[in-house]
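Encoded as structure tokens, the structure appears first; notes follow it.
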Amino acid sequence: MSFVINGLRLIRNTAKCLPARVLSACGLNQPPGAPIRFIIENANWAIRTVGENIHDEINKRHPDAVTLAVTPAGALNNVVHFASQYMWLTWGRPAGKSNKYVVSFFHGKHEDSPEVSRHIEQFLKTVPNLSRIVASNSIVHERLISWGVPSDKIVRIPIGVNTKLFTPPSAQQRSAARAKFNIPQDSVVFGSFQKDGVGWGDGMEPKLIKGPDIFVETLKNLAKDMPVFAMLTGPARGYVKSRLEELGIPYAHTYPDAHPDLVECYHTLDLYIVSSREEGGPMGLMESMSTRVPVISTNVGMAPDLIEDGVTGGLDLSITPEGLATKAREILAPSVDRVTLTKRARKAVMVCDWSVVGRRHYEEVYLPLITK
């Protein structure tokens, strides 16, 4: 018995040294009265980052209102928010009837693939069990309504960005960042910070919905008349790297352990490219705008909500390498006032600051459900 007691004391004392986010996600530090449980992924990627930031922003104003967890098990009389529709279909139905359920639906359309189409149909059958659906962009918002989802269940709130962290670099910071990644100072550096390979391995099979093929072909086009360099972050980038090597396009690839370490990666860039065929954000869009990196994007996700073509960035309606290359040349043309363009972009993205996004989740999604 003493062995068991001592073991429990060791677990308790060790747990006190862990970050609050880790304790909460593991169920070791959940306040007894927390009315909101946010279900996040184990993987250290975008969905987890979204949940952590919403958790932190709300709890600054309303201490112990939100807990993080990787499972809804044990939730009773809570508002349970699933960070994606895929997690909801995995966990939601057996999670208990005493709770009110919220789901973030970031992206997906029937045309993406038969698998995605089946998933959407499964999701739509569960809509009566949901109290709210959070859509990150107007494209998905309108799509959900067209599928028959009641408009009063949908709340459109953008994916957030930390505008105090993702800030423009000084000339010295830009030079130092390029030196760190061995990027020639005269290169024209294009960024792509995402996961675009299938699975969590080397990523040699491309996840085509993310447009890695479009990204590579865009750089191939641009390399005809400028010294192109690719700056890559994220896991599973094997397909992109192998294609760039075939084409002789130099690149650097890093996968920072901590999200704040991405800032210096943005500081290396001349232009950020969103080449996806479907998106919820992506986070790279907002982070680029916040760091005053010019961004060009296909007409996906939050891009049409934030980019006014030629004013705050470049928006390609064709979703083709040729279209993106044309937009890139337009933005990089000597006649373009990129200082003014990127200032406008940073101002436009302020609606996505996590302080705003967290407050809106609390006031527009959670509070009405808590007070019912």
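Ordered as shown in the structure tokens, chains take letters A, B, and onward, while each chain numbers its residues from 1 and ligands are numbered from 1 in the order shown.
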
Need to verify the contact set: Pro227 (chain A), 10 Å, only C-alpha atoms, exclusion of same-chain residues closer than 3 positions in sequence. Can you return it as a short mmCIF file (atom, residue, chain, number, x, y, z; two decimals) with N, CA and C atoms, in the first residue's frame?
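Once everything was written out, this is selection02.cif:
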data_model
loop_
_atom_site.label_atom_id
_atom_site.label_comp_id
_atom_site.auth_asym_id
_atom_site.auth_seq_id
_atom_site.Cartn_x
_atom_site.Cartn_y
_atom_site.Cartn_z
N PRO A 184 21.03 32.54 -49.80
CA PRO A 184 21.73 33.69 -50.39
C PRO A 184 20.90 34.96 -50.27
N ASP A 186 20.61 37.45 -52.08
CA ASP A 186 19.99 37.97 -53.30
C ASP A 186 18.92 37.04 -53.87
N SER A 187 18.61 35.95 -53.18
CA SER A 187 17.56 35.04 -53.64
C SER A 187 16.18 35.68 -53.47
N VAL A 188 15.25 35.25 -54.31
CA VAL A 188 13.84 35.58 -54.13
C VAL A 188 13.21 34.38 -53.43
N VAL A 189 12.83 34.55 -52.17
CA VAL A 189 12.45 33.42 -51.32
C VAL A 189 10.94 33.29 -51.23
N LEU A 222 8.45 30.42 -62.22
CA LEU A 222 9.12 31.64 -61.76
C LEU A 222 10.64 31.57 -61.92
N ALA A 223 11.18 30.34 -61.84
CA ALA A 223 12.64 30.18 -61.93
C ALA A 223 13.17 30.52 -63.31
N LYS A 224 12.30 30.72 -64.29
CA LYS A 224 12.73 31.10 -65.63
C LYS A 224 13.37 32.49 -65.65
N ILE A 249 15.99 23.48 -58.00
CA ILE A 249 15.60 24.67 -57.25
C ILE A 249 16.06 24.50 -55.80
N PRO A 250 16.89 25.40 -55.30
CA PRO A 250 17.39 25.26 -53.93
C PRO A 250 16.28 25.51 -52.91
#

query: Can you list, as number ranges by chain, every protein, DNA or RNA residue that comes within 8 Å of Phe215 (chain A) when you count only C-alpha atoms, leaving out same-chain residues fewer than 4 positions away?
result: A: 211, 219, 273-275, 321

query: Taking the backbone alone, and naming residues the way the document does, which bits of region 45-263 of chain A are alpha helix (DSSP H) by DSSP, as a count of residues only?
result: 77

field: region 280-291 of chain A surroundings by only C-alpha atoms, 7 Å radius, close-in-sequence under 2 positions cut, as a VMD selection string
entry: chain A and resid 106 to 107 136 to 137 159 161 163 166 to 168 193 266 272 293 to 295 301 to 302 342 345 to 346 349

Output the selection as a tab-separated table (two decimals), in the first residue's frame - C-alpha atoms for each residue.
chain	number	residue	atom	x	y	z
A	106	PHE	CA	-12.83	24.00	-41.52
A	107	HIS	CA	-13.00	22.60	-45.05
A	136	SER	CA	-13.76	29.65	-40.43
A	137	ASN	CA	-14.60	31.27	-43.75
A	159	ILE	CA	-8.85	31.02	-37.54
A	161	VAL	CA	-3.10	34.57	-35.41
A	163	THR	CA	-0.23	39.50	-34.14
A	166	PHE	CA	4.12	37.39	-35.83
A	167	THR	CA	5.58	40.82	-36.45
A	168	PRO	CA	7.52	42.36	-39.35
A	193	PHE	CA	4.61	26.22	-44.44
A	266	TYR	CA	8.61	34.12	-42.19
A	272	TYR	CA	4.27	33.36	-49.36
A	293	VAL	CA	5.06	39.14	-46.03
A	294	PRO	CA	3.19	39.58	-49.33
A	295	VAL	CA	0.96	36.58	-49.94
A	301	GLY	CA	-10.41	29.10	-47.32
A	302	MET	CA	-10.08	32.52	-45.73
A	342	THR	CA	1.81	44.73	-46.62
A	345	ALA	CA	-2.52	43.34	-45.17
A	346	ARG	CA	-1.45	43.53	-41.55
A	349	VAL	CA	-5.68	40.54	-40.55

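The environment of Gly234 (chain A) within 6 Å, counting only C-alpha atoms and disregarding residues fewer than 4 places along the same chain, consists of Phe193, Gln194, Lys195 and Tyr255 of chain A.
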
- prompt: CA of Glu41 (chain A) and CA of Ala83 (chain A) are how many Å apart?
  reply: 7.8 Å

task: Point out the residue among A:Val149, A:Leu315, A:Leu332, A:Ile40 with the least atom-to-atom distance to Phe123 (chain A), counting only C-alpha atoms.
output: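 Smallest distance to Phe123 (chain A) is found for A:Val149.
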
task: Output as a PyMOL selection string all residues of region 135-206 of chain A that backbone DSSP marks as strand (DSSP E).
output: chain A and resi 135+154-156+188-193

Output N, CA and C atoms of each residue in that selection to a file, as a PDB file, in the first residue's frame.
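Writing done, so here's result.pdb:
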ATOM      1  N   ALA A 135     -17.693  27.836 -38.608  1.00  0.00           N
ATOM      2  CA  ALA A 135     -17.069  27.863 -39.929  1.00  0.00           C
ATOM      3  C   ALA A 135     -16.032  28.974 -39.946  1.00  0.00           C
ATOM      4  N   ILE A 154     -24.931  27.967 -37.384  1.00  0.00           N
ATOM      5  CA  ILE A 154     -23.593  28.259 -37.906  1.00  0.00           C
ATOM      6  C   ILE A 154     -23.117  29.612 -37.410  1.00  0.00           C
ATOM      7  N   VAL A 155     -21.875  29.639 -36.937  1.00  0.00           N
ATOM      8  CA  VAL A 155     -21.219  30.887 -36.554  1.00  0.00           C
ATOM      9  C   VAL A 155     -19.915  30.959 -37.338  1.00  0.00           C
ATOM     10  N   ARG A 156     -19.706  32.060 -38.054  1.00  0.00           N
ATOM     11  CA  ARG A 156     -18.459  32.206 -38.823  1.00  0.00           C
ATOM     12  C   ARG A 156     -17.452  33.000 -38.009  1.00  0.00           C
ATOM     13  N   VAL A 188      15.253  35.246 -54.313  1.00  0.00           N
ATOM     14  CA  VAL A 188      13.842  35.583 -54.126  1.00  0.00           C
ATOM     15  C   VAL A 188      13.210  34.379 -53.430  1.00  0.00           C
ATOM     16  N   VAL A 189      12.825  34.551 -52.170  1.00  0.00           N
ATOM     17  CA  VAL A 189      12.455  33.419 -51.319  1.00  0.00           C
ATOM     18  C   VAL A 189      10.938  33.289 -51.227  1.00  0.00           C
ATOM     19  N   PHE A 190      10.464  32.092 -51.582  1.00  0.00           N
ATOM     20  CA  PHE A 190       9.034  31.792 -51.572  1.00  0.00           C
ATOM     21  C   PHE A 190       8.753  30.789 -50.453  1.00  0.00           C
ATOM     22  N   GLY A 191       7.732  31.067 -49.653  1.00  0.00           N
ATOM     23  CA  GLY A 191       7.421  30.214 -48.519  1.00  0.00           C
ATOM     24  C   GLY A 191       6.245  29.305 -48.744  1.00  0.00           C
ATOM     25  N   SER A 192       6.322  28.122 -48.137  1.00  0.00           N
ATOM     26  CA  SER A 192       5.214  27.167 -48.093  1.00  0.00           C
ATOM     27  C   SER A 192       5.335  26.423 -46.773  1.00  0.00           C
ATOM     28  N   PHE A 193       4.505  26.774 -45.792  1.00  0.00           N
ATOM     29  CA  PHE A 193       4.612  26.225 -44.443  1.00  0.00           C
ATOM     30  C   PHE A 193       3.355  25.398 -44.164  1.00  0.00           C
TER      31      PHE A 193
END

field: Which of A:Thr371, A:Ser113, A:Ser175, A:Asn162 sits closest to Ser355 (chain A) [using only C-alpha atoms]
entry: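 Checking each candidate against Ser355 (chain A), we get A:Asn162 as the closest.
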
- request: For Val311 (chain A), work out the shell of residues within 12 Å, counting only C-alpha atoms and skipping chain neighbours fewer than 5 positions away, then give it as a PyMOL selection string.
  value: chain A and resi 294-296+306+330-331+336-348

For those residues, write C-alpha atoms to a file as a PDB file, in the first residue's frame.
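Dumped everything to part_24.pdb:
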ATOM      1  CA  PRO A 294       3.193  39.577 -49.329  1.00  0.00           C
ATOM      2  CA  VAL A 295       0.958  36.578 -49.945  1.00  0.00           C
ATOM      3  CA  ILE A 296      -0.619  35.134 -53.075  1.00  0.00           C
ATOM      4  CA  LEU A 306      -8.893  38.679 -46.243  1.00  0.00           C
ATOM      5  CA  GLU A 330       2.549  41.205 -60.339  1.00  0.00           C
ATOM      6  CA  ILE A 331       3.267  41.523 -56.604  1.00  0.00           C
ATOM      7  CA  VAL A 336       4.397  47.777 -56.866  1.00  0.00           C
ATOM      8  CA  ASP A 337       4.456  49.572 -53.515  1.00  0.00           C
ATOM      9  CA  ARG A 338       4.861  46.468 -51.352  1.00  0.00           C
ATOM     10  CA  VAL A 339       5.357  48.519 -48.199  1.00  0.00           C
ATOM     11  CA  THR A 340       1.851  49.937 -48.518  1.00  0.00           C
ATOM     12  CA  LEU A 341       0.395  46.588 -49.618  1.00  0.00           C
ATOM     13  CA  THR A 342       1.808  44.725 -46.621  1.00  0.00           C
ATOM     14  CA  LYS A 343       0.760  47.479 -44.202  1.00  0.00           C
ATOM     15  CA  ARG A 344      -2.791  47.118 -45.491  1.00  0.00           C
ATOM     16  CA  ALA A 345      -2.520  43.337 -45.174  1.00  0.00           C
ATOM     17  CA  ARG A 346      -1.449  43.531 -41.546  1.00  0.00           C
ATOM     18  CA  LYS A 347      -4.320  45.918 -40.786  1.00  0.00           C
ATOM     19  CA  ALA A 348      -6.788  43.589 -42.544  1.00  0.00           C
TER      20      ALA A 348
END

task: Considering only C-alpha atoms, state which residue in the set A:Asn129, A:Thr298, A:Thr268, A:Trp147 is at the smallest distance from Ala171 (chain A).
output: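 Checking each of A:Asn129, A:Thr298, A:Thr268, A:Trp147 against Ala171 (chain A), counting only C-alpha atoms, the winner is A:Thr268.
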
message: Report, in Å with one decimal, the straight-line distance from CA of Val365 (chain A) to CA of Pro304 (chain A).
response: 23.7 Å

- prompt: So which residues touch Ala177 (chain A) within 12 Å, counting only C-alpha atoms, skipping near sequence neighbours fewer than 3 positions away, as a list in words?
  reply: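 Non-adjacent residues within range: Pro169, Ser170, Ala171, Gln172, Gln173, Arg174, Lys180, Phe181, Asn182, Ile183, Pro184, Gln185, Val189, Met231, Ala252, Asp261, Leu262, Val263, Glu264, Cys265, Tyr266, His267, Thr268 and Leu269 of chain A.
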
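A straight line drawn from CA of Val134 (chain A) to CA of Pro63 (chain A) is 22.7 Å long.
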
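Excluding Glu52 (chain A) itself and same-chain residues fewer than 2 positions from it, the residues having an atom within 10 Å of it are Arg21, Ala25, Phe38, Ile39, Ile40, Ala46, Ile47, Arg48, Thr49, Val50, Ile54, His55, Asp56, Glu57, Thr67 and Leu68 of chain A, counting only C-alpha atoms.
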